[in-house]
>>> print(open('upload.txt').read())   # compact mmCIF, C-alpha atoms
# COMPACT_ATOMS: atom_id res chain seq x y z
CA MET A 6 -29.83 109.90 -150.88
CA THR A 7 -28.86 106.24 -151.08
CA ARG A 8 -25.39 105.69 -149.73
CA ALA A 9 -23.00 102.88 -150.52
CA PRO A 10 -22.19 100.73 -147.48
CA LEU A 11 -18.69 100.75 -146.05
CA SER A 12 -16.74 97.71 -147.13
CA PRO A 13 -15.11 95.46 -144.56
CA THR A 14 -12.02 94.51 -146.60
CA PRO A 15 -8.92 93.44 -144.68
CA ARG A 16 -7.14 96.72 -145.32
CA SER A 17 -10.09 98.80 -144.20
CA THR A 18 -10.30 96.82 -140.96
CA PRO A 19 -8.08 98.30 -138.25
CA LYS A 20 -5.39 95.88 -137.12
CA ARG A 21 -4.94 97.33 -133.66
CA HIS A 22 -7.55 98.47 -131.16
CA GLY A 23 -10.41 96.89 -133.08
CA ASP A 24 -12.67 98.18 -130.30
CA ARG A 25 -12.06 101.67 -131.66
CA ALA A 26 -13.41 100.82 -135.11
CA ARG A 27 -16.75 102.35 -136.06
CA SER A 28 -18.98 101.40 -138.92
CA ASP A 29 -21.44 104.29 -138.89
CA ARG A 30 -21.38 105.94 -142.28
CA ALA A 31 -22.77 109.23 -140.94
CA GLU A 32 -20.06 109.35 -138.27
CA LEU A 33 -17.41 108.82 -140.94
CA ASP A 34 -18.90 111.56 -143.12
CA ALA A 35 -18.96 113.91 -140.12
CA VAL A 36 -15.21 113.46 -139.58
CA LEU A 37 -14.51 114.14 -143.25
CA ASP A 38 -16.71 117.23 -143.12
CA GLU A 39 -15.14 118.58 -139.92
CA GLY A 40 -11.53 118.11 -141.05
CA LEU A 41 -9.83 120.87 -143.01
CA ILE A 42 -6.95 119.05 -144.68
CA CYS A 43 -6.14 115.43 -145.42
CA HIS A 44 -2.92 113.49 -145.80
CA LEU A 45 -2.61 111.76 -149.15
CA GLY A 46 -0.38 108.70 -149.50
CA PHE A 47 0.76 107.11 -152.73
CA VAL A 48 3.64 105.00 -153.98
CA ARG A 49 6.39 106.52 -156.12
CA ASP A 50 9.25 104.35 -157.38
CA GLY A 51 8.22 101.71 -154.88
CA ALA A 52 8.44 104.01 -151.88
CA PRO A 53 5.62 105.67 -149.94
CA VAL A 54 5.00 109.42 -150.13
CA VAL A 55 2.68 111.33 -147.79
CA LEU A 56 1.63 114.91 -148.53
CA PRO A 57 -0.97 117.25 -147.04
CA THR A 58 -3.67 118.55 -149.36
CA CYS A 59 -7.16 120.01 -149.53
CA TYR A 60 -10.22 117.92 -150.22
CA GLY A 61 -13.96 117.98 -150.56
CA ARG A 62 -16.76 115.44 -150.43
CA ASP A 63 -19.97 114.94 -152.33
CA GLY A 64 -21.93 111.95 -151.11
CA ASP A 65 -19.80 108.86 -151.61
CA THR A 66 -17.01 110.59 -153.51
CA LEU A 67 -13.95 112.28 -152.11
CA PHE A 68 -12.27 114.91 -154.28
CA LEU A 69 -8.63 115.95 -153.97
CA HIS A 70 -6.52 118.60 -155.55
CA GLY A 71 -4.00 116.60 -157.55
CA SER A 72 -0.69 116.83 -155.75
CA SER A 73 2.74 116.93 -157.30
CA GLY A 74 3.64 113.28 -157.17
CA ALA A 75 0.17 111.93 -157.74
CA THR A 76 -0.24 114.20 -160.73
CA SER A 77 2.96 112.96 -162.32
CA MET A 78 1.67 109.42 -161.94
CA MET A 79 -1.65 110.13 -163.55
CA GLU A 80 -0.31 110.58 -167.06
CA GLY A 81 -2.49 108.85 -169.56
CA GLY A 82 -5.50 109.22 -167.29
CA LYS A 83 -4.81 106.06 -165.31
CA GLY A 84 -5.97 105.83 -161.75
CA VAL A 85 -3.38 105.50 -159.01
CA GLU A 86 -3.79 103.66 -155.71
CA VAL A 87 -3.94 106.09 -152.83
CA SER A 88 -4.64 106.17 -149.13
CA VAL A 89 -6.23 109.30 -147.70
CA CYS A 90 -6.31 110.04 -143.99
CA VAL A 91 -8.24 112.74 -142.15
CA THR A 92 -7.51 112.99 -138.42
CA LEU A 93 -9.17 115.09 -135.75
CA LEU A 94 -7.16 115.22 -132.54
CA ASP A 95 -9.52 115.74 -129.61
CA ALA A 96 -7.39 115.34 -126.49
CA ILE A 97 -4.12 114.15 -125.08
CA VAL A 98 -4.75 111.30 -122.67
CA TYR A 99 -2.59 111.42 -119.53
CA ALA A 100 -2.49 108.10 -117.68
CA ARG A 101 -0.77 106.94 -114.48
CA SER A 102 1.63 104.91 -116.58
CA VAL A 103 3.53 106.16 -119.61
CA PHE A 104 2.40 102.96 -121.32
CA ASN A 105 -1.26 104.01 -121.14
CA HIS A 106 -0.74 107.55 -122.38
CA SER A 107 -2.72 107.99 -125.53
CA ALA A 108 -4.73 110.44 -127.59
CA ASN A 109 -8.44 110.86 -128.14
CA TYR A 110 -9.03 111.20 -131.84
CA ARG A 111 -11.33 110.51 -134.75
CA SER A 112 -9.57 109.30 -137.87
CA VAL A 113 -10.82 108.23 -141.29
CA VAL A 114 -8.64 106.20 -143.64
CA VAL A 115 -9.75 105.74 -147.24
CA HIS A 116 -8.20 103.29 -149.71
CA GLY A 117 -8.85 103.24 -153.41
CA ALA A 118 -7.90 104.25 -156.91
CA ALA A 119 -7.75 107.99 -157.45
CA ARG A 120 -9.33 108.76 -160.79
CA PRO A 121 -8.17 111.97 -162.48
CA LEU A 122 -11.15 113.98 -163.67
CA THR A 123 -11.02 115.01 -167.31
CA THR A 124 -14.14 116.91 -168.33
CA ASP A 125 -14.74 120.53 -167.40
CA VAL A 126 -18.14 119.64 -165.96
CA GLU A 127 -16.66 116.99 -163.67
CA LYS A 128 -13.78 119.24 -162.64
CA LEU A 129 -16.01 122.21 -161.87
CA HIS A 130 -18.27 120.03 -159.75
CA ALA A 131 -15.27 118.68 -157.81
CA LEU A 132 -13.67 122.09 -157.39
CA GLU A 133 -16.94 123.45 -156.01
CA ALA A 134 -16.91 120.64 -153.42
CA ILE A 135 -13.26 121.29 -152.51
CA THR A 136 -13.75 125.07 -152.34
CA GLU A 137 -16.93 124.85 -150.29
CA HIS A 138 -15.19 122.46 -147.90
CA LEU A 139 -12.15 124.68 -147.33
CA ALA A 140 -13.86 128.05 -147.64
CA PRO A 141 -17.66 127.75 -147.52
CA GLY A 142 -19.31 130.54 -149.49
CA SER A 143 -16.31 131.25 -151.68
CA TRP A 144 -17.66 129.41 -154.71
CA THR A 145 -20.29 132.10 -155.25
CA HIS A 146 -18.43 135.05 -153.68
CA ALA A 147 -15.14 134.62 -155.56
CA ARG A 148 -14.59 134.32 -159.30
CA GLN A 149 -15.03 130.74 -160.51
CA PRO A 150 -12.31 129.07 -162.59
CA ASP A 151 -11.99 130.12 -166.21
CA ARG A 152 -11.06 127.73 -169.00
CA LYS A 153 -7.32 128.29 -168.56
CA GLU A 154 -7.39 127.85 -164.78
CA LEU A 155 -9.47 124.72 -165.15
CA ALA A 156 -6.95 123.22 -167.54
CA ALA A 157 -4.15 123.97 -165.07
CA THR A 158 -5.93 122.24 -162.18
CA ALA A 159 -5.64 118.50 -161.56
CA VAL A 160 -8.46 116.95 -159.58
CA LEU A 161 -8.72 113.38 -158.31
CA ALA A 162 -11.86 111.47 -157.35
CA ILE A 163 -11.91 108.52 -154.96
CA ASP A 164 -14.95 106.37 -154.19
CA LEU A 165 -15.71 106.39 -150.46
CA ILE A 166 -16.30 102.66 -150.27
CA GLU A 167 -13.19 101.12 -148.77
CA ALA A 168 -13.04 103.46 -145.80
CA SER A 169 -12.68 103.02 -142.07
CA LEU A 170 -13.19 105.16 -139.01
CA LYS A 171 -11.36 104.82 -135.72
CA VAL A 172 -12.34 106.72 -132.63
CA ARG A 173 -10.91 106.91 -129.13
CA THR A 174 -12.90 108.78 -126.51
CA GLY A 175 -13.05 108.92 -122.74
CA PRO A 176 -10.59 108.99 -119.86
CA PRO A 177 -7.39 106.94 -119.52
CA GLY A 178 -7.97 103.28 -118.83
CA ASP A 179 -5.45 102.41 -116.15
CA ASP A 180 -5.82 101.96 -112.41
CA PRO A 181 -5.66 104.80 -109.85
CA GLU A 182 -2.24 105.56 -108.41
CA PRO A 183 -1.98 107.91 -105.41
CA GLY A 184 -0.44 111.28 -106.29
CA VAL A 185 -0.26 110.66 -110.03
CA TRP A 186 -2.62 112.73 -112.17
CA ALA A 187 -4.66 111.22 -114.95
CA GLY A 188 -7.08 112.91 -117.27
CA LEU A 189 -7.60 114.60 -120.59
CA LEU A 190 -6.02 117.72 -122.02
CA PRO A 191 -8.51 118.80 -124.71
CA VAL A 192 -7.06 119.88 -128.06
CA ARG A 193 -9.11 122.32 -130.07
CA GLN A 194 -8.86 123.76 -133.54
CA SER A 195 -10.45 127.15 -133.96
CA PHE A 196 -10.49 130.12 -136.30
CA GLY A 197 -8.98 133.50 -135.47
CA VAL A 198 -10.20 136.94 -136.48
CA PRO A 199 -10.03 137.30 -140.29
CA GLU A 200 -7.11 139.39 -141.57
CA SER A 201 -8.06 141.32 -144.71
CA ALA A 202 -5.49 141.51 -147.51
CA PRO A 203 -3.83 144.96 -147.70
CA ASP A 204 -5.63 145.65 -150.99
CA ALA A 205 -9.07 144.33 -149.99
CA ASP A 206 -11.77 146.99 -150.38
CA ILE A 207 -14.43 145.37 -148.18
CA ASP A 208 -14.47 143.85 -144.71
CA ALA A 209 -14.61 140.10 -144.26
CA PRO A 210 -18.11 139.02 -145.37
CA GLY A 211 -20.58 136.96 -143.39
CA HIS A 212 -19.59 133.63 -144.87
CA VAL A 213 -16.11 134.11 -143.44
CA VAL A 214 -16.93 135.82 -140.12
CA SER A 215 -19.60 133.23 -139.28
CA ARG A 216 -16.93 130.53 -139.07
CA LEU A 217 -15.69 132.02 -135.80
CA ALA A 218 -18.98 131.27 -134.07
CA MET B 28 25.26 119.67 -131.14
CA THR B 29 26.44 118.85 -134.64
CA ARG B 30 23.52 118.30 -136.96
CA ALA B 31 23.40 116.36 -140.20
CA PRO B 32 22.59 118.52 -143.21
CA LEU B 33 19.31 118.05 -145.01
CA SER B 34 19.75 116.07 -148.18
CA PRO B 35 18.54 117.46 -151.51
CA THR B 36 17.52 114.15 -153.10
CA PRO B 37 14.86 114.27 -155.83
CA ARG B 38 12.15 112.93 -153.54
CA SER B 39 12.93 115.40 -150.80
CA THR B 40 12.70 118.27 -153.29
CA PRO B 41 9.13 119.56 -153.62
CA LYS B 42 7.81 119.17 -157.15
CA ARG B 43 5.29 122.00 -156.97
CA HIS B 44 5.71 125.49 -155.56
CA GLY B 45 9.48 125.18 -155.23
CA ASP B 46 9.40 128.74 -153.88
CA ARG B 47 7.79 127.35 -150.76
CA ALA B 48 10.67 124.99 -150.04
CA ARG B 49 12.87 125.84 -147.06
CA SER B 50 16.24 124.43 -146.22
CA ASP B 51 16.67 125.75 -142.68
CA ARG B 52 17.23 122.81 -140.38
CA ALA B 53 16.13 124.74 -137.29
CA GLU B 54 12.88 125.73 -139.00
CA LEU B 55 12.24 122.09 -139.87
CA ASP B 56 12.93 121.00 -136.29
CA ALA B 57 10.58 123.71 -135.01
CA VAL B 58 7.70 122.32 -137.09
CA LEU B 59 8.36 118.80 -135.83
CA ASP B 60 8.49 120.08 -132.26
CA GLU B 61 5.27 122.11 -132.57
CA GLY B 62 3.22 119.36 -134.20
CA LEU B 63 1.37 116.88 -132.00
CA ILE B 64 0.77 113.96 -134.34
CA CYS B 65 2.23 112.82 -137.64
CA HIS B 66 0.87 110.86 -140.56
CA LEU B 67 2.88 107.75 -141.33
CA GLY B 68 2.82 106.28 -144.82
CA PHE B 69 4.07 102.86 -145.84
CA VAL B 70 3.43 100.30 -148.56
CA ARG B 71 1.48 97.13 -147.82
CA ASP B 72 0.87 94.57 -150.58
CA GLY B 73 1.92 97.18 -153.11
CA ALA B 74 -0.62 99.76 -151.97
CA PRO B 75 -0.08 102.88 -149.86
CA VAL B 76 -1.37 103.10 -146.29
CA VAL B 77 -1.51 106.31 -144.25
CA LEU B 78 -2.16 106.29 -140.51
CA PRO B 79 -1.93 108.92 -137.76
CA THR B 80 0.46 108.26 -134.91
CA CYS B 81 2.47 109.88 -132.14
CA TYR B 82 6.13 110.72 -132.52
CA GLY B 83 9.11 112.25 -130.82
CA ARG B 84 12.44 113.69 -131.91
CA ASP B 85 15.93 113.59 -130.50
CA GLY B 86 18.39 115.54 -132.62
CA ASP B 87 18.48 113.98 -136.06
CA THR B 88 16.31 111.01 -135.21
CA LEU B 89 12.54 110.75 -135.38
CA PHE B 90 10.87 108.10 -133.22
CA LEU B 91 7.45 106.62 -133.92
CA HIS B 92 5.18 104.27 -132.08
CA GLY B 93 5.05 101.25 -134.33
CA SER B 94 1.65 101.20 -135.95
CA SER B 95 -0.40 98.19 -136.91
CA GLY B 96 0.68 97.79 -140.51
CA ALA B 97 4.23 98.96 -140.08
CA THR B 98 4.67 96.59 -137.18
CA SER B 99 3.48 93.63 -139.18
CA MET B 100 6.06 94.49 -141.82
CA MET B 101 8.93 94.70 -139.39
CA GLU B 102 9.10 91.02 -138.62
CA GLY B 103 12.65 89.85 -138.54
CA GLY B 104 13.84 93.32 -137.60
CA LYS B 105 14.04 94.60 -141.14
CA GLY B 106 13.61 98.28 -141.80
CA VAL B 107 10.65 99.37 -143.88
CA GLU B 108 10.50 102.40 -146.18
CA VAL B 109 8.22 105.05 -144.75
CA SER B 110 7.18 108.62 -145.35
CA VAL B 111 6.26 110.72 -142.34
CA CYS B 112 4.42 114.01 -142.63
CA VAL B 113 3.79 116.63 -139.95
CA THR B 114 1.55 119.52 -141.01
CA LEU B 115 0.69 122.72 -139.17
CA LEU B 116 -2.25 124.54 -140.75
CA ASP B 117 -1.91 128.27 -140.09
CA ALA B 118 -4.65 129.92 -142.14
CA ILE B 119 -7.15 129.52 -144.91
CA VAL B 120 -6.27 131.85 -147.76
CA TYR B 121 -9.30 133.52 -149.38
CA ALA B 122 -8.51 135.01 -152.77
CA ARG B 123 -10.60 136.90 -155.33
CA SER B 124 -10.56 133.85 -157.56
CA VAL B 125 -11.37 130.32 -156.48
CA PHE B 126 -8.21 129.29 -158.35
CA ASN B 127 -6.01 131.28 -155.97
CA HIS B 128 -7.62 130.04 -152.79
CA SER B 129 -5.01 128.27 -150.73
CA ALA B 130 -3.82 127.53 -147.22
CA ASN B 131 -0.95 128.89 -145.18
CA TYR B 132 0.86 125.96 -143.66
CA ARG B 133 4.17 124.52 -142.55
CA SER B 134 4.72 120.92 -143.52
CA VAL B 135 7.62 118.53 -143.04
CA VAL B 136 7.93 115.36 -145.10
CA VAL B 137 10.50 112.76 -144.09
CA HIS B 138 11.55 109.79 -146.21
CA GLY B 139 13.62 106.88 -145.02
CA ALA B 140 13.86 103.41 -143.64
CA ALA B 141 12.12 102.93 -140.31
CA ARG B 142 14.35 100.84 -138.11
CA PRO B 143 12.60 98.86 -135.36
CA LEU B 144 14.38 99.36 -132.04
CA THR B 145 15.28 96.17 -130.27
CA THR B 146 17.16 96.84 -127.04
CA ASP B 147 15.46 98.06 -123.88
CA VAL B 148 17.91 100.95 -123.62
CA GLU B 149 17.11 102.17 -127.14
CA LYS B 150 13.39 101.71 -126.66
CA LEU B 151 13.32 103.53 -123.33
CA HIS B 152 15.24 106.44 -124.83
CA ALA B 153 12.80 106.62 -127.77
CA LEU B 154 9.71 106.29 -125.57
CA GLU B 155 10.98 109.13 -123.40
CA ALA B 156 11.26 111.31 -126.54
CA ILE B 157 7.76 110.31 -127.71
CA THR B 158 6.21 110.79 -124.26
CA GLU B 159 7.89 114.15 -123.67
CA HIS B 160 6.74 115.30 -127.09
CA LEU B 161 3.09 114.36 -126.58
CA ALA B 162 2.87 115.02 -122.85
CA PRO B 163 5.88 117.00 -121.56
CA GLY B 164 6.60 116.16 -117.93
CA SER B 165 4.85 112.79 -117.99
CA TRP B 166 8.05 110.76 -118.23
CA THR B 167 8.97 111.67 -114.66
CA HIS B 168 5.44 112.18 -113.26
CA ALA B 169 3.92 108.93 -114.52
CA ARG B 170 5.20 105.39 -114.05
CA GLN B 171 7.78 104.45 -116.67
CA PRO B 172 7.40 101.27 -118.73
CA ASP B 173 8.15 98.00 -116.98
CA ARG B 174 9.74 95.06 -118.73
CA LYS B 175 6.44 93.61 -119.90
CA GLU B 176 5.15 96.92 -121.25
CA LEU B 177 8.44 97.55 -123.01
CA ALA B 178 8.24 94.20 -124.74
CA ALA B 179 4.71 94.98 -125.89
CA THR B 180 5.70 98.32 -127.43
CA ALA B 181 7.06 98.62 -130.96
CA VAL B 182 9.16 101.68 -131.66
CA LEU B 183 10.59 102.81 -134.98
CA ALA B 184 13.54 105.14 -135.58
CA ILE B 185 14.03 107.17 -138.76
CA ASP B 186 17.06 109.29 -139.57
CA LEU B 187 16.10 112.90 -140.20
CA ILE B 188 18.28 113.26 -143.26
CA GLU B 189 16.04 113.00 -146.27
CA ALA B 190 13.54 115.56 -145.10
CA SER B 191 11.93 118.62 -146.60
CA LEU B 192 10.00 121.59 -145.31
CA LYS B 193 7.39 123.54 -147.24
CA VAL B 194 5.92 126.78 -145.97
CA ARG B 195 3.27 129.14 -147.31
CA THR B 196 2.80 132.44 -145.55
CA GLY B 197 1.28 135.80 -146.34
CA PRO B 198 -1.84 137.09 -148.06
CA PRO B 199 -3.43 135.78 -151.28
CA GLY B 200 -1.47 136.58 -154.40
CA ASP B 201 -4.09 137.64 -156.89
CA ASP B 202 -5.16 141.09 -158.11
CA PRO B 203 -7.73 143.27 -156.36
CA GLU B 204 -11.33 142.88 -157.51
CA PRO B 205 -13.93 145.42 -156.34
CA GLY B 206 -16.38 143.99 -153.84
CA VAL B 207 -14.65 140.63 -153.47
CA TRP B 208 -12.99 139.98 -150.13
CA ALA B 209 -9.52 138.53 -149.87
CA GLY B 210 -7.54 137.73 -146.79
CA LEU B 211 -6.59 135.14 -144.23
CA LEU B 212 -8.73 133.21 -141.80
CA PRO B 213 -6.24 132.11 -139.11
CA VAL B 214 -6.47 128.51 -137.91
CA ARG B 215 -5.27 127.84 -134.38
CA GLN B 216 -4.72 124.72 -132.35
CA SER B 217 -4.99 125.22 -128.61
CA PHE B 218 -5.45 123.30 -125.40
CA GLY B 219 -8.60 123.38 -123.30
CA VAL B 220 -8.94 123.18 -119.54
CA PRO B 221 -7.66 119.78 -118.31
CA GLU B 222 -10.38 117.28 -117.36
CA SER B 223 -9.31 115.07 -114.47
CA ALA B 224 -10.18 111.38 -114.64
CA PRO B 225 -13.07 110.47 -112.28
CA ASP B 226 -10.67 108.51 -110.07
CA ALA B 227 -7.82 111.04 -110.05
CA ASP B 228 -6.89 112.09 -106.50
CA ILE B 229 -4.98 115.27 -107.37
CA ASP B 230 -5.65 118.29 -109.57
CA ALA B 231 -3.87 118.64 -112.91
CA PRO B 232 -0.22 119.38 -112.11
CA GLY B 233 1.87 122.27 -113.39
CA HIS B 234 3.37 120.40 -116.32
CA VAL B 235 -0.14 119.94 -117.72
CA VAL B 236 -1.72 123.28 -116.76
CA SER B 237 1.23 125.25 -118.13
CA ARG B 238 0.44 124.06 -121.65
CA LEU B 239 -2.60 126.33 -121.72
CA ALA B 240 -0.45 129.45 -121.49
>>> encode(input="upload.txt", output="structure tokens")
Amino acid sequence: MTRAPLSPTPRSTPKRHGDRARSDRAELDAVLDEGLICHLGFVRDGAPVVLPTCYGRDGDTLFLHGSSGATSMMEGGKGVEVSVCVTLLDAIVYARSVFNHSANYRSVVVHGAARPLTTDVEKLHALEAITEHLAPGSWTHARQPDRKELAATAVLAIDLIEASLKVRTGPPGDDPEPGVWAGLLPVRQSFGVPESAPDADIDAPGHVVSRLA
Amino acid sequence: MTRAPLSPTPRSTPKRHGDRARSDRAELDAVLDEGLICHLGFVRDGAPVVLPTCYGRDGDTLFLHGSSGATSMMEGGKGVEVSVCVTLLDAIVYARSVFNHSANYRSVVVHGAARPLTTDVEKLHALEAITEHLAPGSWTHARQPDRKELAATAVLAIDLIEASLKVRTGPPGDDPEPGVWAGLLPVRQSFGVPESAPDADIDAPGHVVSRLA
């Protein structure tokens, strides 16, 4: 599949710690695929709003469930400028100085116009991507949206062109200091044992259980 | 300690799923205290920007490390409108229909003007809150900021007044469907075994190791 290159616009170029900027498209995709939720930013009445939401990706397109504020701004089918951030926190970095404390992380920031999808075909395609991102296997195991549900669901599409990736890895960078510890405290996100709904008549299927591995 | 009440302004009132809105100040504080990073949103050249950053809290004030964009907008000591979001993802909610798939989460959204701190006393107080939030115990174990480091660090303060908390808990809400699983897949964030820096001369101290419990 041919992929669009990442664009080096000023706003997709990190202002601080330029050494942490990465330009590898596959690395950026991997962060988007590993994350579970994103934070969506938009402007309402001149002020910023940030909300968590679910997302999915297909190639160079990011799909979002339309959130409250964004949805209200999409009337008339106009696109709205958004910023979407997906962050994976890998470790807390303990240094000898408070000043050099930090975090190891991988973070993608996407800028662009969020285009509300209008046709059922487009919306179904996007919802499959969002569902399979959040709950792989559910698109075929669960009942797919009917006409009424589809009409009630707002979906946004954003081109993954103006996007940047920042990564910090490795130990703290300051000088040794006798008797002061420095190192990493890894942070991990993991899944727990599935909890069946009280009225579920089967055990958690393989596509759910396999996520614990 | 006397605490300011949460304000019910339109933008701090969730537009969707009003039933998930909570007004308990202690519950809101607990989410801020449990989270490790926040997502900071601001407006640059008319467009939204969302970035991850560290934060700390002292009573009704949220402190943030000044980020790239926000810092560039603070010149002259003016406050800038921001939105700060801290999200704890608790579970993925599998329903019988794709439409009812969801996530259990606790999410705080704060709106307000971010005030850049200017005096050393204010900045030290805020940096202690940020450090003790990210790495409890480091403020006294590690070397505190010297004059030069303090000058190089931008810190923002935001009043925790216009803030809202949304929470989803419990199983999926749709009707039973034979042979289709429904339930929760818990999502957990945990700490791994500390990894000492190659040049560290002591083992990870108690204030680090105790976080694994």
>>> residues_around(input="upload.txt", residues="Gly106 in chain B", least_positions_apart="2", cutoff="6 Å", atoms="only C-alpha atoms", output="compact mmCIF listing (two decimals) with C-alpha atoms, in the frame of the given file")
# COMPACT_ATOMS: atom_id res chain seq x y z
CA ALA B 140 13.86 103.41 -143.64
CA ALA B 141 12.12 102.93 -140.31
CA ARG B 142 14.35 100.84 -138.11
>>> closest_residue(input="upload.txt", among="A:Leu190, A:Ala159, A:Val85, A:Val115", to="chain B", atoms="all atoms listed in the file")
A:Leu190
>>> closest_atom_pairs(input="upload.txt", of="chain B", to="chain A", cutoff="6 Å", atoms="only C-alpha atoms", output="JSON lines")
{"residue": "B:Lys42", "atom": "CA", "partner": "A:Ser73", "partner_atom": "CA", "distance": 5.5}
{"residue": "B:Arg43", "atom": "CA", "partner": "A:Ser73", "partner_atom": "CA", "distance": 5.7}
{"residue": "B:Gly68", "atom": "CA", "partner": "A:Val55", "partner_atom": "CA", "distance": 5.9}
{"residue": "B:Phe69", "atom": "CA", "partner": "A:Pro53", "partner_atom": "CA", "distance": 5.2}
{"residue": "B:Val70", "atom": "CA", "partner": "A:Pro53", "partner_atom": "CA", "distance": 6.0}
{"residue": "B:Pro75", "atom": "CA", "partner": "A:Phe47", "partner_atom": "CA", "distance": 5.2}
{"residue": "B:Val76", "atom": "CA", "partner": "A:Ser88", "partner_atom": "CA", "distance": 5.3}
{"residue": "B:Val77", "atom": "CA", "partner": "A:Ser88", "partner_atom": "CA", "distance": 5.8}
{"residue": "B:Ser95", "atom": "CA", "partner": "A:Lys20", "partner_atom": "CA", "distance": 5.5}
{"residue": "B:Val109", "atom": "CA", "partner": "A:Pro53", "partner_atom": "CA", "distance": 5.8}
{"residue": "B:Ser110", "atom": "CA", "partner": "A:Val54", "partner_atom": "CA", "distance": 5.3}
{"residue": "B:Arg123", "atom": "CA", "partner": "A:Ala147", "partner_atom": "CA", "distance": 5.1}
{"residue": "B:Ser124", "atom": "CA", "partner": "A:Arg148", "partner_atom": "CA", "distance": 4.4}
{"residue": "B:Val125", "atom": "CA", "partner": "A:Gln149", "partner_atom": "CA", "distance": 5.5}
{"residue": "B:Phe126", "atom": "CA", "partner": "A:Pro150", "partner_atom": "CA", "distance": 5.9}
{"residue": "B:Ala169", "atom": "CA", "partner": "A:Ser102", "partner_atom": "CA", "distance": 5.1}
{"residue": "B:Arg170", "atom": "CA", "partner": "A:Ser102", "partner_atom": "CA", "distance": 4.4}
{"residue": "B:Gln171", "atom": "CA", "partner": "A:Val103", "partner_atom": "CA", "distance": 5.4}
{"residue": "B:Pro172", "atom": "CA", "partner": "A:Phe104", "partner_atom": "CA", "distance": 5.9}
{"residue": "B:Pro198", "atom": "CA", "partner": "A:Ala202", "partner_atom": "CA", "distance": 5.8}
{"residue": "B:Trp208", "atom": "CA", "partner": "A:Ala205", "partner_atom": "CA", "distance": 5.9}
{"residue": "B:Ala209", "atom": "CA", "partner": "A:Ala202", "partner_atom": "CA", "distance": 5.5}
{"residue": "B:Gly210", "atom": "CA", "partner": "A:Ser201", "partner_atom": "CA", "distance": 4.2}
{"residue": "B:Leu211", "atom": "CA", "partner": "A:Glu200", "partner_atom": "CA", "distance": 5.0}
{"residue": "B:Leu212", "atom": "CA", "partner": "A:Pro199", "partner_atom": "CA", "distance": 4.5}
{"residue": "B:Pro213", "atom": "CA", "partner": "A:Gly197", "partner_atom": "CA", "distance": 4.8}
{"residue": "B:Val214", "atom": "CA", "partner": "A:Phe196", "partner_atom": "CA", "distance": 4.6}
{"residue": "B:Arg215", "atom": "CA", "partner": "A:Ser195", "partner_atom": "CA", "distance": 5.2}
{"residue": "B:Gln216", "atom": "CA", "partner": "A:Gln194", "partner_atom": "CA", "distance": 4.4}
{"residue": "B:Ser217", "atom": "CA", "partner": "A:Arg193", "partner_atom": "CA", "distance": 5.2}
{"residue": "B:Phe218", "atom": "CA", "partner": "A:Val192", "partner_atom": "CA", "distance": 4.6}
{"residue": "B:Gly219", "atom": "CA", "partner": "A:Pro191", "partner_atom": "CA", "distance": 4.8}
{"residue": "B:Pro221", "atom": "CA", "partner": "A:Leu190", "partner_atom": "CA", "distance": 4.5}
{"residue": "B:Glu222", "atom": "CA", "partner": "A:Leu189", "partner_atom": "CA", "distance": 5.0}
{"residue": "B:Ser223", "atom": "CA", "partner": "A:Gly188", "partner_atom": "CA", "distance": 4.2}
{"residue": "B:Ala224", "atom": "CA", "partner": "A:Gly188", "partner_atom": "CA", "distance": 4.3}
{"residue": "B:Ala227", "atom": "CA", "partner": "A:Ala187", "partner_atom": "CA", "distance": 5.8}
{"residue": "B:Ile229", "atom": "CA", "partner": "A:Trp186", "partner_atom": "CA", "distance": 5.9}
>>> residues_near_point(input="upload.txt", point="(20.6, 110.7, -141.1)", cutoff="7 Å", atoms="all atoms listed in the file", output="MDAnalysis selection string")
chainID B and resid 31 87 186:188
>>> atom_distance(input="upload.txt", atom1="CA of Ala48 in chain B", atom2="CA of Ala153 in chain B")
28.9 Å
>>> closest_residue(input="upload.txt", among="A:Asp125, A:Pro141, A:Asn109, A:Ala162", to="Gly64 in chain A", atoms="all atoms listed in the file")
A:Ala162
>>> atom_distance(input="upload.txt", atom1="CA of Leu161 in chain A", atom2="CA of Val194 in chain B")
23.4 Å
>>> atom_distance(input="upload.txt", atom1="CA of Arg49 in chain B", atom2="CA of Ile185 in chain B")
20.5 Å
>>> residues_around(input="upload.txt", residues="Asp29 in chain A", least_positions_apart="3", cutoff="9 Å", atoms="only C-alpha atoms", output="list in words")
Leu11, Glu32, Leu33, Asp34 and Leu170 of chain A
>>> residues_near_point(input="upload.txt", point="(10.3, 110.9, -132.6)", cutoff="8 Å", atoms="all atoms listed in the file", output="short mmCIF file (atom, residue, chain, number, x, y, z; two decimals) with C-alpha atoms, keeping the file's coordinate frame")
data_model
loop_
_atom_site.label_atom_id
_atom_site.label_comp_id
_atom_site.auth_asym_id
_atom_site.auth_seq_id
_atom_site.Cartn_x
_atom_site.Cartn_y
_atom_site.Cartn_z
CA CYS B 81 2.47 109.88 -132.14
CA TYR B 82 6.13 110.72 -132.52
CA GLY B 83 9.11 112.25 -130.82
CA ARG B 84 12.44 113.69 -131.91
CA ASP B 85 15.93 113.59 -130.50
CA THR B 88 16.31 111.01 -135.21
CA LEU B 89 12.54 110.75 -135.38
CA PHE B 90 10.87 108.10 -133.22
CA LEU B 91 7.45 106.62 -133.92
CA ALA B 153 12.80 106.62 -127.77
CA ALA B 156 11.26 111.31 -126.54
CA ILE B 157 7.76 110.31 -127.71
CA HIS B 160 6.74 115.30 -127.09
CA ALA B 184 13.54 105.14 -135.58
#
